[in-house]
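What follows is a short report on a single structure.
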Amino acid sequence: MRTNTVASTASQGPDAVYAQSLAEGVWRVQRCTACKLPIFFPRTACTHCGSFDYSWFEPSPLGIVHSTTVMRRPAQAGGDLQLCLVDLDDGFRMMSRVDGVAPASVAIDDRVEAFIGERDGEPLVLFRKTGVSA
Ligand SMILES: [Zn+2]
């Protein structure tokens with residue numbers, strides 16, 4: 001008889017922990033224990049100081065558009081796709097897109113809010129404009 005008593009989460013890399021958390025509906029980001037800065041995208045060592053010690057926190061969903069572009073695609077390929085870099089209020093930058101608006105209507109300095117959406121059945125962090133009425 002074989003048994004496995006090792007907790008599966010103990011052997012997961014940070015990218016797997018990140019993906020599993022998103023699948024459970026919670027957005028978590030690493031914070032370095034040594035220098036206290038957020039680490040994004042998930043990785044095993046801090047990009048600021050090289051420490052291997054980190055914890056997970058739920059960041060504020062609020063941020064501001066740092067840059068934006070529209071990737072032109074034919075309609076049969078899904079149409080134009082908006083892509084942006086967002087500076088989160090909690091001090092890290094991520095690539096994503098602003099959902100629910102015309103791709104070219106997103107502007108630098110737009111205030112945005114993160115939510116967990118999905119693409120091809122996989123959860124991912126997307127953004128929507130704040131203070132926009134339909
Ligand atoms: Zn650090």
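Residue names in the structure tokens use chain letters A, B, ... in the order shown, residue numbers from 1 in each chain, and ligand numbers from 1 in the order shown.
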Discussion item. Which residues are close to His48 (chain A), i.e. within 10 Å by only C-alpha atoms, leaving aside same-chain residues fewer than 5 positions away? Reply as number ranges by chain.
Written reply: A: 32, 34-39
Worksheet item: Can you tell me, as a PyMOL selection string, what residues are no more than 12 Å from Arg93 (chain A) when counting only C-alpha atoms, ignoring any on the same chain fewer than 2 positions away?
Response: chain A and resi 29+38-41+59+62-67+84-91+95-96
Discussion item. If you run DSSP on the backbone here, which positions in region 100-129 of chain A get strand (DSSP E)? Please write them as a ChimeraX atom specification.
Written reply: /A:111-119,122-129
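All residues in chain A with a DSSP state of alpha helix (DSSP H), computed from the backbone, read Pro14, Asp15, Ala16, Val17, Tyr18, Ala19, Gln20, Ser21, Leu22 and Ala23 of chain A.
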May I have the selected residues written with N, CA, C and O atoms, as an mmCIF file, in the first residue's frame?
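In the end it all went to result26.cif:
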```cif
data_model
loop_
_atom_site.group_PDB
_atom_site.id
_atom_site.type_symbol
_atom_site.label_atom_id
_atom_site.label_comp_id
_atom_site.auth_asym_id
_atom_site.auth_seq_id
_atom_site.Cartn_x
_atom_site.Cartn_y
_atom_site.Cartn_z
ATOM 1 N N PRO A 14 5.626 28.766 -7.115
ATOM 2 C CA PRO A 14 4.789 29.953 -6.939
ATOM 3 C C PRO A 14 3.816 30.187 -8.094
ATOM 4 O O PRO A 14 2.716 30.704 -7.876
ATOM 5 N N ASP A 15 4.190 29.803 -9.307
ATOM 6 C CA ASP A 15 3.260 29.996 -10.419
ATOM 7 C C ASP A 15 2.043 29.085 -10.283
ATOM 8 O O ASP A 15 0.921 29.478 -10.585
ATOM 9 N N ALA A 16 2.246 27.866 -9.769
ATOM 10 C CA ALA A 16 1.128 26.946 -9.564
ATOM 11 C C ALA A 16 0.233 27.419 -8.422
ATOM 12 O O ALA A 16 -0.989 27.315 -8.505
ATOM 13 N N VAL A 17 0.837 27.945 -7.361
ATOM 14 C CA VAL A 17 0.057 28.491 -6.246
ATOM 15 C C VAL A 17 -0.791 29.666 -6.742
ATOM 16 O O VAL A 17 -1.977 29.780 -6.423
ATOM 17 N N TYR A 18 -0.174 30.531 -7.550
ATOM 18 C CA TYR A 18 -0.874 31.684 -8.115
ATOM 19 C C TYR A 18 -2.075 31.232 -8.938
ATOM 20 O O TYR A 18 -3.197 31.724 -8.763
ATOM 21 N N ALA A 19 -1.868 30.265 -9.834
ATOM 22 C CA ALA A 19 -2.939 29.784 -10.715
ATOM 23 C C ALA A 19 -4.047 29.110 -9.913
ATOM 24 O O ALA A 19 -5.236 29.309 -10.196
ATOM 25 N N GLN A 20 -3.662 28.325 -8.905
ATOM 26 C CA GLN A 20 -4.673 27.640 -8.097
ATOM 27 C C GLN A 20 -5.524 28.639 -7.320
ATOM 28 O O GLN A 20 -6.734 28.496 -7.213
ATOM 29 N N SER A 21 -4.879 29.676 -6.806
ATOM 30 C CA SER A 21 -5.599 30.701 -6.066
ATOM 31 C C SER A 21 -6.599 31.423 -6.980
ATOM 32 O O SER A 21 -7.753 31.636 -6.603
ATOM 33 N N LEU A 22 -6.162 31.765 -8.186
ATOM 34 C CA LEU A 22 -7.068 32.418 -9.138
ATOM 35 C C LEU A 22 -8.261 31.517 -9.444
ATOM 36 O O LEU A 22 -9.398 31.979 -9.540
ATOM 37 N N ALA A 23 -7.996 30.214 -9.601
ATOM 38 C CA ALA A 23 -9.068 29.262 -9.896
ATOM 39 C C ALA A 23 -10.073 29.202 -8.751
ATOM 40 O O ALA A 23 -11.239 28.877 -8.963
#
```
Worksheet item: Counting only C-alpha atoms, what is within 10 Å of region 102-105 of chain A, bar same-chain residues fewer than 3 positions away, as a PyMOL selection string?
Response: chain A and resi 68-72+79-83+97-99+110
Worksheet entry | Nearby residues (only C-alpha atoms) at most 6 Å from region 112-116 of chain A, same-chain spacing under 6 positions excluded, as an NGL selection string | :A and (61-64 or 124-130)
Worksheet, complete the sentence: One decimal place gives the CA of Ala77 (chain A)-CA of Gly117 (chain A) separation as 19.8 Å
